[in-house]
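This is run-v2.csv. It holds CSV, C-alpha atoms and all ligand atoms.
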chain,number,residue,atom,x,y,z
A,70,MET,CA,154.5,84.1,75.3
A,71,TYR,CA,156.4,81.3,76.9
A,72,VAL,CA,153.9,78.6,76.0
A,73,LEU,CA,153.8,79.4,72.3
A,74,SER,CA,157.5,79.8,71.9
A,75,PHE,CA,158.1,76.5,73.6
A,76,LEU,CA,155.8,74.7,71.1
A,77,VAL,CA,157.5,76.4,68.2
A,78,VAL,CA,161.1,76.0,69.2
A,79,VAL,CA,160.8,72.2,69.7
A,80,ASN,CA,159.0,71.8,66.4
A,81,LEU,CA,155.5,71.0,67.5
A,82,VAL,CA,156.3,68.1,69.8
A,83,ILE,CA,153.4,67.8,72.1
A,84,PRO,CA,154.9,67.4,75.6
A,85,ILE,CA,153.2,65.2,78.2
A,86,ASN,CA,152.7,68.1,80.5
A,87,MET,CA,153.8,71.8,80.6
A,88,PRO,CA,153.0,74.8,82.8
A,89,LYS,CA,150.5,77.4,81.6
A,90,ILE,CA,151.8,80.7,82.8
A,91,GLY,CA,150.0,84.0,81.8
A,92,GLU,CA,150.6,87.7,82.1
A,93,GLU,CA,149.0,87.7,85.6
A,94,GLU,CA,151.6,85.4,87.0
A,95,VAL,CA,154.4,87.5,85.4
A,96,GLN,CA,152.9,90.7,87.0
A,97,ALA,CA,152.6,89.0,90.4
A,98,VAL,CA,156.2,88.0,90.4
A,99,ILE,CA,157.3,91.5,89.4
A,100,GLU,CA,155.3,93.0,92.2
A,101,THR,CA,156.5,90.6,94.8
A,102,ILE,CA,160.2,90.8,93.8
A,103,SER,CA,160.1,94.7,93.7
A,104,LYS,CA,158.2,95.3,96.9
A,105,GLY,CA,159.1,92.3,99.0
A,106,PRO,CA,159.3,90.7,101.4
A,107,LEU,CA,160.9,87.8,99.6
A,108,THR,CA,160.4,85.5,102.5
A,109,ASN,CA,159.6,85.4,106.2
A,110,ALA,CA,161.6,84.0,109.1
A,111,LEU,CA,158.8,81.7,110.2
A,112,GLY,CA,157.7,80.9,106.6
A,113,GLN,CA,154.5,82.9,107.0
A,114,GLY,CA,154.9,86.0,104.9
A,115,PRO,CA,151.8,87.9,103.5
A,116,LYS,CA,151.6,86.0,100.2
A,117,VAL,CA,152.1,82.6,101.8
A,118,LEU,CA,149.3,83.4,104.3
A,119,GLU,CA,147.0,84.5,101.5
A,120,PHE,CA,147.8,81.5,99.4
A,121,GLU,CA,147.2,79.2,102.3
A,122,LYS,CA,143.9,80.7,103.1
A,123,LYS,CA,142.7,80.3,99.5
A,124,TYR,CA,144.1,76.8,99.2
A,125,ALA,CA,142.3,75.6,102.4
A,126,LYS,CA,139.1,77.0,100.9
A,127,PHE,CA,139.7,75.2,97.6
A,128,ALA,CA,140.4,71.9,99.5
A,129,GLY,CA,137.3,72.4,101.7
A,130,VAL,CA,139.3,72.1,104.9
A,131,LYS,CA,140.4,74.3,107.9
A,132,HIS,CA,144.1,74.5,107.3
A,133,ALA,CA,146.6,74.6,104.4
A,134,VAL,CA,150.4,74.8,105.1
A,135,ALA,CA,152.6,75.9,102.2
A,136,VAL,CA,156.0,74.4,101.8
A,137,ASN,CA,158.8,74.4,99.2
A,138,ASN,CA,158.0,71.1,97.4
A,139,GLY,CA,155.7,68.1,97.4
A,140,THR,CA,158.4,65.8,98.8
A,141,ALA,CA,158.8,68.2,101.8
A,142,ALA,CA,155.0,68.2,102.2
A,143,LEU,CA,155.0,64.3,102.5
A,144,ASN,CA,157.9,64.3,104.9
A,145,ALA,CA,156.4,67.1,107.1
A,146,ALA,CA,153.0,65.3,107.2
A,147,LEU,CA,154.5,62.0,108.3
A,148,LEU,CA,156.4,63.7,111.1
A,149,ALA,CA,153.4,65.8,112.0
A,150,VAL,CA,151.2,62.7,112.7
A,151,GLY,CA,154.1,61.2,114.8
A,152,VAL,CA,155.7,58.7,112.4
A,153,LYS,CA,159.1,57.8,113.9
A,154,GLN,CA,161.9,55.2,113.8
A,155,GLY,CA,160.6,51.7,114.2
A,156,ASP,CA,157.1,52.5,112.8
A,157,GLU,CA,155.9,51.0,109.5
A,158,VAL,CA,154.1,53.0,106.9
A,159,ILE,CA,152.1,51.3,104.1
A,160,VAL,CA,152.6,52.8,100.6
A,161,PRO,CA,152.1,51.7,97.0
A,162,SER,CA,155.1,50.8,95.0
A,163,PHE,CA,153.5,52.0,91.7
A,164,THR,CA,154.1,55.7,92.3
A,165,PHE,CA,156.7,58.4,92.1
A,166,ILE,CA,159.7,57.8,94.3
A,167,ALA,CA,158.9,60.7,96.7
A,168,THR,CA,156.0,58.8,98.3
A,169,ALA,CA,158.3,56.0,99.7
A,170,GLU,CA,161.4,58.2,100.1
A,171,ALA,CA,159.5,60.5,102.5
A,172,VAL,CA,158.8,57.5,104.7
A,173,ALA,CA,162.4,56.5,104.7
A,174,PHE,CA,163.5,60.0,105.6
A,175,ALA,CA,161.1,60.0,108.5
A,176,GLY,CA,163.1,57.0,109.8
A,177,ALA,CA,160.2,54.6,109.4
A,178,LYS,CA,160.1,51.3,107.5
A,179,ILE,CA,158.4,51.2,104.1
A,180,VAL,CA,155.8,48.5,103.6
A,181,PHE,CA,154.6,48.1,100.0
A,182,ALA,CA,151.0,47.1,99.2
A,183,ASP,CA,149.6,46.2,95.8
A,184,ILE,CA,147.2,48.2,93.7
A,185,ASN,CA,143.7,47.8,92.3
A,186,PRO,CA,144.3,47.1,88.5
A,187,GLU,CA,141.2,49.2,87.6
A,188,THR,CA,142.4,52.4,89.1
A,189,TYR,CA,146.1,51.8,89.8
A,190,THR,CA,145.6,53.1,93.4
A,191,LEU,CA,146.3,51.2,96.6
A,192,SER,CA,144.2,48.1,97.1
A,193,PRO,CA,142.4,48.3,100.5
A,194,GLU,CA,142.3,44.4,100.7
A,195,ASP,CA,146.0,44.2,100.2
A,196,VAL,CA,146.6,47.1,102.7
A,197,ASP,CA,144.6,45.2,105.3
A,198,LYS,CA,146.9,42.2,104.8
A,199,ALA,CA,150.0,44.4,105.1
A,200,VAL,CA,149.1,45.8,108.6
A,201,THR,CA,151.3,44.6,111.5
A,202,ASN,CA,151.5,45.7,115.1
A,203,LYS,CA,154.2,48.2,114.0
A,204,THR,CA,152.0,49.9,111.4
A,205,ARG,CA,151.6,53.6,112.2
A,206,ALA,CA,150.2,55.1,109.0
A,207,ILE,CA,148.8,54.4,105.5
A,208,LEU,CA,149.8,56.7,102.6
A,209,PRO,CA,147.8,56.1,99.5
A,210,VAL,CA,148.4,58.1,96.3
A,211,ASP,CA,145.8,59.7,94.0
A,212,LEU,CA,147.6,58.3,91.0
A,213,PHE,CA,147.4,60.0,87.7
A,214,GLY,CA,144.9,62.3,89.3
A,215,TYR,CA,142.2,59.8,90.3
A,216,SER,CA,141.6,59.6,94.1
A,217,ALA,CA,142.6,56.5,96.0
A,218,ASP,CA,139.6,54.6,97.4
A,219,ILE,CA,139.7,56.5,100.7
A,220,LYS,CA,136.6,55.2,102.5
A,221,PRO,CA,137.7,51.6,102.9
A,222,LEU,CA,141.2,52.8,103.8
A,223,ARG,CA,139.7,55.1,106.4
A,224,GLU,CA,137.9,52.0,107.9
A,225,ILE,CA,141.2,50.1,108.0
A,226,ALA,CA,142.9,53.1,109.6
A,227,GLU,CA,140.2,53.3,112.3
A,228,LYS,CA,140.1,49.6,112.9
A,229,TYR,CA,143.9,49.6,113.8
A,230,GLY,CA,144.3,53.1,115.1
A,231,LEU,CA,146.5,54.3,112.2
A,232,ALA,CA,147.0,57.8,110.6
A,233,LEU,CA,145.6,58.1,107.1
A,234,LEU,CA,147.7,60.4,104.9
A,235,GLU,CA,147.2,61.1,101.2
A,236,ASP,CA,149.6,61.8,98.4
A,237,ALA,CA,147.5,64.2,96.4
A,238,ALA,CA,150.4,65.6,94.4
A,239,GLN,CA,148.6,64.8,91.1
A,240,ALA,CA,145.0,65.4,92.3
A,241,HIS,CA,144.3,69.2,92.1
A,242,GLY,CA,140.7,69.3,90.9
A,243,ALA,CA,139.9,65.7,91.6
A,244,THR,CA,137.0,64.7,93.9
A,245,TYR,CA,136.1,61.7,96.0
A,246,GLN,CA,132.5,61.2,97.1
A,247,SER,CA,131.9,64.7,95.8
A,248,LYS,CA,134.5,66.3,98.1
A,249,PRO,CA,137.9,67.6,97.0
A,250,ALA,CA,140.7,65.0,97.0
A,251,GLY,CA,142.3,64.8,100.4
A,252,PHE,CA,139.2,65.8,102.3
A,253,PHE,CA,138.7,62.5,104.2
A,254,SER,CA,142.4,62.0,105.1
A,255,ASP,CA,144.1,63.2,108.3
A,256,ALA,CA,146.4,65.2,106.0
A,257,ALA,CA,146.8,65.5,102.2
A,258,CYS,CA,150.1,66.4,100.5
A,259,TRP,CA,150.1,68.4,97.3
A,260,SER,CA,152.9,69.3,94.8
A,261,LEU,CA,153.2,72.5,92.8
A,262,TYR,CA,156.0,71.2,90.6
A,263,ALA,CA,156.1,72.5,87.0
A,264,SER,CA,154.4,69.4,85.5
A,265,LYS,CA,151.4,69.5,87.9
A,266,ASN,CA,147.9,70.8,87.3
A,267,ILE,CA,149.0,74.1,88.9
A,268,THR,CA,152.5,75.2,89.6
A,269,THR,CA,154.7,77.6,91.4
A,270,GLY,CA,157.9,76.2,89.7
A,271,GLU,CA,158.6,74.1,92.8
A,272,GLY,CA,156.2,74.1,95.8
A,273,GLY,CA,154.0,72.0,98.0
A,274,VAL,CA,151.0,72.3,100.4
A,275,ILE,CA,149.7,70.1,103.2
A,276,THR,CA,145.9,70.4,103.9
A,277,THR,CA,144.3,69.2,107.1
A,278,ASN,CA,141.2,69.6,109.3
A,279,ASP,CA,143.2,68.7,112.4
A,280,ASP,CA,144.3,71.7,114.5
A,281,LYS,CA,147.2,69.7,116.2
A,282,ILE,CA,148.5,68.5,112.8
A,283,ASN,CA,148.4,72.0,111.5
A,284,GLU,CA,150.3,73.3,114.5
A,285,ASN,CA,153.0,70.6,114.1
A,286,LEU,CA,153.3,71.2,110.4
A,287,ARG,CA,154.0,74.9,111.0
A,288,LEU,CA,156.7,74.0,113.5
A,289,ILE,CA,158.2,71.4,111.2
A,290,ARG,CA,158.3,73.8,108.3
A,291,ASN,CA,160.6,76.1,110.2
A,292,HIS,CA,163.1,74.1,112.3
A,293,GLY,CA,160.6,73.3,115.0
A,294,GLU,CA,160.7,76.9,116.1
A,295,LYS,CA,157.8,78.3,117.9
A,296,GLU,CA,159.7,81.6,118.2
A,297,LYS,CA,163.2,82.5,117.1
A,298,TYR,CA,165.8,80.2,118.9
A,299,THR,CA,163.2,78.1,120.7
A,300,SER,CA,163.0,74.8,118.8
A,301,VAL,CA,160.5,72.5,120.4
A,302,LEU,CA,160.8,69.6,117.9
A,303,ILE,CA,162.9,68.5,115.0
A,304,GLY,CA,162.0,70.3,111.8
A,305,ASN,CA,163.7,71.5,108.6
A,306,ASN,CA,163.7,74.5,106.3
A,307,TYR,CA,160.6,73.7,104.2
A,308,ARG,CA,159.5,77.4,103.8
A,309,MET,CA,157.8,78.5,100.6
A,310,PRO,CA,159.3,81.8,99.2
A,311,GLU,CA,156.9,84.7,98.7
A,312,ILE,CA,157.5,84.9,95.0
A,313,GLU,CA,156.2,81.3,94.7
A,314,ALA,CA,153.2,82.0,96.8
A,315,SER,CA,152.3,85.0,94.6
A,316,ILE,CA,152.4,82.7,91.6
A,317,GLY,CA,150.3,80.1,93.4
A,318,ILE,CA,147.5,82.6,94.2
A,319,ILE,CA,147.0,83.2,90.5
A,320,GLN,CA,147.4,79.6,89.4
A,321,LEU,CA,144.9,78.5,92.0
A,322,SER,CA,142.3,81.0,90.6
A,323,LYS,CA,142.8,79.4,87.1
A,324,LEU,CA,142.7,75.8,88.3
A,325,SER,CA,139.0,75.1,87.4
A,326,SER,CA,139.5,76.4,83.9
A,327,PHE,CA,142.7,74.3,83.5
A,328,VAL,CA,140.9,71.1,84.7
A,329,ALA,CA,137.8,71.9,82.5
A,330,LYS,CA,140.1,72.0,79.4
A,331,ARG,CA,141.9,68.8,80.5
A,332,ARG,CA,138.5,67.1,80.9
A,333,GLU,CA,137.4,68.3,77.5
A,334,ASN,CA,140.6,66.9,76.0
A,335,ALA,CA,140.2,63.6,77.9
A,336,GLN,CA,136.6,63.2,76.7
A,337,GLN,CA,137.6,63.8,73.1
A,338,LEU,CA,140.4,61.4,73.3
A,339,THR,CA,138.2,58.7,74.8
A,340,SER,CA,135.6,59.2,72.0
A,341,ILE,CA,138.4,58.4,69.5
A,342,LEU,CA,140.2,55.6,71.4
A,343,GLN,CA,137.1,53.7,72.4
A,344,ARG,CA,137.1,52.2,68.9
A,345,SER,CA,140.0,50.1,69.9
A,346,LYS,CA,139.5,46.8,71.8
A,347,ARG,CA,143.1,46.8,73.0
A,348,LEU,CA,143.0,49.7,75.4
A,349,LYS,CA,141.6,50.1,78.9
A,350,LEU,CA,140.7,53.8,79.1
A,351,PRO,CA,140.6,56.0,82.2
A,352,THR,CA,137.1,56.8,83.6
A,353,GLU,CA,135.5,59.0,86.2
A,354,THR,CA,132.1,59.3,87.9
A,355,GLU,CA,130.0,62.2,89.0
A,356,ALA,CA,131.2,61.8,92.6
A,357,ASN,CA,134.7,60.7,91.9
A,358,GLN,CA,136.1,63.1,89.4
A,359,HIS,CA,139.5,62.8,87.8
A,360,SER,CA,141.9,65.7,87.9
A,361,TRP,CA,143.1,64.5,84.5
A,362,TYR,CA,146.7,65.1,85.4
A,363,LEU,CA,147.6,62.3,83.1
A,364,TYR,CA,145.4,60.4,80.6
A,365,THR,CA,146.7,56.9,81.3
A,366,VAL,CA,145.7,53.8,79.2
A,367,LYS,CA,146.5,50.2,79.6
A,368,LEU,CA,147.5,48.0,76.7
A,369,LEU,CA,145.3,45.0,77.4
A,370,ASP,CA,147.3,41.7,77.3
A,371,GLY,CA,150.2,43.7,76.0
A,372,THR,CA,153.8,42.9,76.7
A,373,GLU,CA,156.3,45.5,77.9
A,374,ASN,CA,158.1,45.4,74.5
A,375,GLU,CA,154.9,46.1,72.7
A,376,ARG,CA,154.1,49.0,75.0
A,377,ASN,CA,157.6,50.4,74.6
A,378,PHE,CA,157.4,50.1,70.8
A,379,ILE,CA,154.1,52.1,70.7
A,380,LEU,CA,155.8,54.8,72.8
A,381,LYS,CA,158.7,55.0,70.5
A,382,GLU,CA,156.5,55.3,67.5
A,383,LEU,CA,154.4,58.0,69.1
A,384,LYS,CA,157.5,60.0,70.0
A,385,GLN,CA,158.7,59.8,66.5
A,386,LYS,CA,155.4,61.3,65.4
A,387,GLU,CA,156.1,64.1,67.9
A,388,ILE,CA,153.6,63.0,70.5
A,389,GLY,CA,155.2,63.1,74.0
A,390,ALA,CA,153.6,59.9,75.3
A,391,GLU,CA,155.3,58.5,78.4
A,392,ALA,CA,155.3,55.4,80.6
A,393,TYR,CA,155.4,56.4,84.2
A,394,TYR,CA,156.8,54.3,87.0
A,395,VAL,CA,158.2,51.5,84.7
A,396,ASN,CA,160.3,50.4,87.7
A,397,PRO,CA,158.1,49.8,90.8
A,398,ILE,CA,159.9,51.3,93.8
A,399,ASN,CA,160.4,48.0,95.5
A,400,THR,CA,162.5,46.9,92.6
A,401,MET,CA,164.9,49.9,92.8
A,402,GLU,CA,168.3,49.3,94.2
A,403,PHE,CA,168.1,51.1,97.6
A,404,TYR,CA,164.6,49.9,98.3
A,405,ARG,CA,165.3,46.3,97.1
A,406,ASN,CA,168.3,46.1,99.4
A,407,ASN,CA,166.7,47.7,102.4
A,408,TYR,CA,163.1,46.4,102.5
A,409,ASN,CA,161.9,42.9,102.0
A,410,SER,CA,158.9,43.6,99.8
A,411,ARG,CA,155.6,41.7,99.7
A,412,LYS,CA,154.5,40.2,96.4
A,413,LEU,CA,152.9,42.9,94.2
A,414,PRO,CA,151.6,41.1,91.0
A,415,GLU,CA,149.2,43.9,89.9
A,416,THR,CA,151.9,46.5,90.4
A,417,GLU,CA,154.3,44.5,88.2
A,418,LYS,CA,151.7,44.1,85.5
A,419,ALA,CA,150.6,47.8,85.4
A,420,ALA,CA,154.3,48.9,85.2
A,421,LYS,CA,154.6,47.0,82.0
A,422,GLN,CA,151.3,47.8,80.4
A,423,VAL,CA,150.3,51.4,81.0
A,424,PHE,CA,151.3,54.6,79.3
A,425,SER,CA,150.1,58.2,79.4
A,426,LEU,CA,149.1,60.7,76.7
A,427,PRO,CA,149.2,64.5,76.7
A,428,ILE,CA,145.9,66.3,77.5
A,429,HIS,CA,147.1,69.4,79.3
A,430,PRO,CA,145.4,72.7,78.7
A,431,ASN,CA,147.9,73.8,76.0
A,432,VAL,CA,146.9,70.8,73.8
A,433,THR,CA,144.4,71.8,71.1
A,434,ASN,CA,141.4,69.7,69.9
A,435,LYS,CA,143.2,69.3,66.6
A,436,GLN,CA,146.2,67.8,68.4
A,437,ILE,CA,144.0,65.5,70.4
A,438,GLU,CA,142.5,64.2,67.2
A,439,TYR,CA,146.0,63.7,65.8
A,440,ILE,CA,147.1,61.9,69.0
A,441,GLY,CA,144.0,59.6,69.0
A,442,LYS,CA,144.2,58.7,65.3
A,443,THR,CA,147.9,58.1,65.4
A,444,LEU,CA,147.6,55.7,68.3
A,445,LEU,CA,144.6,53.9,66.7
A,446,ALA,CA,146.6,53.4,63.6
A,447,LEU,CA,149.5,51.9,65.6
A,448,LEU,CA,147.2,49.4,67.4
A,501,LIG,C1,155.2,65.2,91.9
A,501,LIG,C2,155.0,64.1,92.9
A,501,LIG,C3,155.5,64.1,94.2
A,501,LIG,C4,156.6,65.1,94.6
A,501,LIG,O1,156.4,66.4,94.5
A,501,LIG,P1,157.7,67.4,94.3
A,501,LIG,O2,157.0,68.7,94.4
A,501,LIG,O3,158.3,67.1,93.0
A,501,LIG,O4,158.6,67.2,95.4
A,501,LIG,C5,155.1,63.2,95.1
A,501,LIG,N1,154.3,62.2,94.8
A,501,LIG,C6,153.7,62.1,93.6
A,501,LIG,C7,152.7,61.1,93.3
A,501,LIG,C8,154.0,63.1,92.6
A,501,LIG,O5,153.5,63.0,91.4
Please render this file's structure as structure tokens.
Amino acid sequence: MYVLSFLVVVNLVIPINMPKIGEEEVQAVIETISKGPLTNALGQGPKVLEFEKKYAKFAGVKHAVAVNNGTAALNAALLAVGVKQGDEVIVPSFTFIATAEAVAFAGAKIVFADINPETYTLSPEDVDKAVTNKTRAILPVDLFGYSADIKPLREIAEKYGLALLEDAAQAHGATYQSKPAGFFSDAACWSLYASKNITTGEGGVITTNDDKINENLRLIRNHGEKEKYTSVLIGNNYRMPEIEASIGIIQLSKLSSFVAKRRENAQQLTSILQRSKRLKLPTETEANQHSWYLYTVKLLDGTENERNFILKELKQKEIGAEAYYVNPINTMEFYRNNYNSRKLPETEKAAKQVFSLPIHPNVTNKQIEYIGKTLLALL
């Protein structure tokens, strides 16, 4: 089995995330590749349509539109709500590059807002300050798998007449006010990249309750074509292949068991790490459940060097701990040169102090104990 051989070959390193692929996915791929079709000219083959139907049900909304990756999902959603050149879109800087990049690709201006240091997600107070008469949309991120604080963001969006999108790439299985992540946004963008809670290798989905956004998304996914050779708006080739959709159908059916194992691992790790006074640990509530995509801790009053030293030591002990987003996007060359960023003190701090530990479903309870005890000893 792929999972076991991977662990053995790399000599028991515990990677930060890895796909969990079983015999069912292998069979689904064999069936699709043998029988076809491999794709559909409008991006709506039988496996894609089945996957979309199941995904919409999982997300608790009317529509799901499958695309070929999460970045395409973000770009399509921005275009589908009418973001265009001259508009401004408010995004966090403490996130994966795709969140901001998709805004730039839609031709709009990126405006960065700061984060809440407790959850690392977009601060509604700072978003409110960043709004101008050119703002067209807000794009929060459910970072590390914990939903952004959507309700106050929704209020801001309504106050100024803005679209509220959501980067839910890391949030499969998360809830906000007891609803699936993405539920309260105009459209939510998901990734099915190999590191995510479920995967199709590469893949993405946009979910929405809005019929017009759904219609636009389906056009944008396929060159703006309503029918062959009749483009009504600018689109792209964002179609998901049938093989990927057939993997997605199986992975989606396993998601709740994957998240349950992630939660079990997270709870066990918390029970060990809470003995240290130096760490701020991730939490969840009954209504706002974590997807446990990443178990991210903050080294309280720690310096960047100290954090990096801990990471190096953990890696030497074969624990694949990682610091994500060490360079906030506003500090990266292209973004620094093209966008005059607002001050983001909490973003700067988090980028130096946080790091993530492996809790994915392939990590055993014994390994969690090893990770927890090794980290405690280092502190
Ligand atoms: C993974 C990810 C994306 C991009 O998804 P891809 O499928 O890799 O294009 C976007 N935003 C966030 C927060 C992500 O973690």
For this session: Find the residues near ligand LIG 501 (chain A). Use a cut-off of 8 Å, count all atoms listed in the file, and write them as a ChimeraX atom specification.
Result: /A:137-143,164-168,210-213,236-239,259-262,264-265,271-273
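Among the candidates A:Ile312, A:Leu191, A:Leu324, A:Val158, the residue lying nearest to Ile179 of chain A is A:Val158 (atoms considered: all atoms listed in the file).
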Problem set entry | d(atom CA of Lys295 of chain A, atom CA of Ala128 of chain A) in Å |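 That distance, rounded to one decimal, is 26.1 Å.
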Which residues, written as a PDB file with C-alpha atoms, keeping the file's coordinate frame, have at least one atom at most 12 Å from segment 106-119 of chain A, with all atoms listed in the file counted and residues fewer than 3 positions away on the same chain left out?
ATOM      1  CA  ALA A  97     152.600  89.000  90.400  1.00  0.00           C
ATOM      2  CA  VAL A  98     156.200  88.000  90.400  1.00  0.00           C
ATOM      3  CA  ILE A  99     157.300  91.500  89.400  1.00  0.00           C
ATOM      4  CA  GLU A 100     155.300  93.000  92.200  1.00  0.00           C
ATOM      5  CA  THR A 101     156.500  90.600  94.800  1.00  0.00           C
ATOM      6  CA  ILE A 102     160.200  90.800  93.800  1.00  0.00           C
ATOM      7  CA  SER A 103     160.100  94.700  93.700  1.00  0.00           C
ATOM      8  CA  LYS A 122     143.900  80.700 103.100  1.00  0.00           C
ATOM      9  CA  LYS A 123     142.700  80.300  99.500  1.00  0.00           C
ATOM     10  CA  TYR A 124     144.100  76.800  99.200  1.00  0.00           C
ATOM     11  CA  ALA A 125     142.300  75.600 102.400  1.00  0.00           C
ATOM     12  CA  LYS A 126     139.100  77.000 100.900  1.00  0.00           C
ATOM     13  CA  HIS A 132     144.100  74.500 107.300  1.00  0.00           C
ATOM     14  CA  ALA A 133     146.600  74.600 104.400  1.00  0.00           C
ATOM     15  CA  VAL A 134     150.400  74.800 105.100  1.00  0.00           C
ATOM     16  CA  ALA A 135     152.600  75.900 102.200  1.00  0.00           C
ATOM     17  CA  VAL A 136     156.000  74.400 101.800  1.00  0.00           C
ATOM     18  CA  ASN A 137     158.800  74.400  99.200  1.00  0.00           C
ATOM     19  CA  THR A 269     154.700  77.600  91.400  1.00  0.00           C
ATOM     20  CA  GLY A 272     156.200  74.100  95.800  1.00  0.00           C
ATOM     21  CA  GLY A 273     154.000  72.000  98.000  1.00  0.00           C
ATOM     22  CA  VAL A 274     151.000  72.300 100.400  1.00  0.00           C
ATOM     23  CA  LEU A 286     153.300  71.200 110.400  1.00  0.00           C
ATOM     24  CA  ARG A 287     154.000  74.900 111.000  1.00  0.00           C
ATOM     25  CA  LEU A 288     156.700  74.000 113.500  1.00  0.00           C
ATOM     26  CA  ILE A 289     158.200  71.400 111.200  1.00  0.00           C
ATOM     27  CA  ARG A 290     158.300  73.800 108.300  1.00  0.00           C
ATOM     28  CA  ASN A 291     160.600  76.100 110.200  1.00  0.00           C
ATOM     29  CA  HIS A 292     163.100  74.100 112.300  1.00  0.00           C
ATOM     30  CA  GLY A 293     160.600  73.300 115.000  1.00  0.00           C
ATOM     31  CA  GLU A 294     160.700  76.900 116.100  1.00  0.00           C
ATOM     32  CA  LYS A 295     157.800  78.300 117.900  1.00  0.00           C
ATOM     33  CA  GLU A 296     159.700  81.600 118.200  1.00  0.00           C
ATOM     34  CA  LYS A 297     163.200  82.500 117.100  1.00  0.00           C
ATOM     35  CA  TYR A 298     165.800  80.200 118.900  1.00  0.00           C
ATOM     36  CA  THR A 299     163.200  78.100 120.700  1.00  0.00           C
ATOM     37  CA  SER A 300     163.000  74.800 118.800  1.00  0.00           C
ATOM     38  CA  GLY A 304     162.000  70.300 111.800  1.00  0.00           C
ATOM     39  CA  ASN A 305     163.700  71.500 108.600  1.00  0.00           C
ATOM     40  CA  ASN A 306     163.700  74.500 106.300  1.00  0.00           C
ATOM     41  CA  TYR A 307     160.600  73.700 104.200  1.00  0.00           C
ATOM     42  CA  ARG A 308     159.500  77.400 103.800  1.00  0.00           C
ATOM     43  CA  MET A 309     157.800  78.500 100.600  1.00  0.00           C
ATOM     44  CA  PRO A 310     159.300  81.800  99.200  1.00  0.00           C
ATOM     45  CA  GLU A 311     156.900  84.700  98.700  1.00  0.00           C
ATOM     46  CA  ILE A 312     157.500  84.900  95.000  1.00  0.00           C
ATOM     47  CA  GLU A 313     156.200  81.300  94.700  1.00  0.00           C
ATOM     48  CA  ALA A 314     153.200  82.000  96.800  1.00  0.00           C
ATOM     49  CA  SER A 315     152.300  85.000  94.600  1.00  0.00           C
ATOM     50  CA  ILE A 316     152.400  82.700  91.600  1.00  0.00           C
ATOM     51  CA  GLY A 317     150.300  80.100  93.400  1.00  0.00           C
ATOM     52  CA  ILE A 318     147.500  82.600  94.200  1.00  0.00           C
ATOM     53  CA  ILE A 319     147.000  83.200  90.500  1.00  0.00           C
ATOM     54  CA  LEU A 321     144.900  78.500  92.000  1.00  0.00           C
TER      55      LEU A 321
END
Exercise. Looking at only C-alpha atoms, which of A:Asn407, A:Asn396, A:Ser425, A:Ser345 is the one that sits closest to Lys178 of chain A?
Worked result: A:Asn407
For this session: Would you list the residues near (157.1, 45.3, 88.7) (no more than 7 Å away, in the coordinates of the file, using only C-alpha atoms) as a ChimeraX atom specification?
Result: /A:396-397,400,416-418,420
Could those selected residues go to a file with C-alpha atoms, as a PDB file, in the frame of the given file?
ATOM      1  CA  ASN A 396     160.300  50.400  87.700  1.00  0.00           C
ATOM      2  CA  PRO A 397     158.100  49.800  90.800  1.00  0.00           C
ATOM      3  CA  THR A 400     162.500  46.900  92.600  1.00  0.00           C
ATOM      4  CA  THR A 416     151.900  46.500  90.400  1.00  0.00           C
ATOM      5  CA  GLU A 417     154.300  44.500  88.200  1.00  0.00           C
ATOM      6  CA  LYS A 418     151.700  44.100  85.500  1.00  0.00           C
ATOM      7  CA  ALA A 420     154.300  48.900  85.200  1.00  0.00           C
TER       8      ALA A 420
END
Problem set entry | Nearby residues (only C-alpha atoms) at most 10 Å from Ala356 of chain A, same-chain spacing under 3 positions excluded, as a count of residues only | 9
For this session: Give the answer as one residue: which of A:Leu350, A:Ala329, A:Leu448, A:Phe163 has the shortest atom-to-atom distance to Lys421 of chain A, using all atoms listed in the file?
Result: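 Closest candidate: A:Phe163.
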Could you give me, as a PDB file with C-alpha atoms, in the frame of the given file, the residues within 10 Å of Tyr364 of chain A, counting all atoms listed in the file and dropping anything in the same chain fewer than 5 positions from it?
ATOM      1  CA  ILE A  85     153.200  65.200  78.200  1.00  0.00           C
ATOM      2  CA  PHE A 213     147.400  60.000  87.700  1.00  0.00           C
ATOM      3  CA  GLY A 214     144.900  62.300  89.300  1.00  0.00           C
ATOM      4  CA  ARG A 331     141.900  68.800  80.500  1.00  0.00           C
ATOM      5  CA  ARG A 332     138.500  67.100  80.900  1.00  0.00           C
ATOM      6  CA  ASN A 334     140.600  66.900  76.000  1.00  0.00           C
ATOM      7  CA  ALA A 335     140.200  63.600  77.900  1.00  0.00           C
ATOM      8  CA  LEU A 338     140.400  61.400  73.300  1.00  0.00           C
ATOM      9  CA  THR A 339     138.200  58.700  74.800  1.00  0.00           C
ATOM     10  CA  LEU A 350     140.700  53.800  79.100  1.00  0.00           C
ATOM     11  CA  PRO A 351     140.600  56.000  82.200  1.00  0.00           C
ATOM     12  CA  THR A 352     137.100  56.800  83.600  1.00  0.00           C
ATOM     13  CA  HIS A 359     139.500  62.800  87.800  1.00  0.00           C
ATOM     14  CA  ALA A 390     153.600  59.900  75.300  1.00  0.00           C
ATOM     15  CA  PHE A 424     151.300  54.600  79.300  1.00  0.00           C
ATOM     16  CA  SER A 425     150.100  58.200  79.400  1.00  0.00           C
ATOM     17  CA  LEU A 426     149.100  60.700  76.700  1.00  0.00           C
ATOM     18  CA  PRO A 427     149.200  64.500  76.700  1.00  0.00           C
ATOM     19  CA  ILE A 428     145.900  66.300  77.500  1.00  0.00           C
ATOM     20  CA  HIS A 429     147.100  69.400  79.300  1.00  0.00           C
TER      21      HIS A 429
END
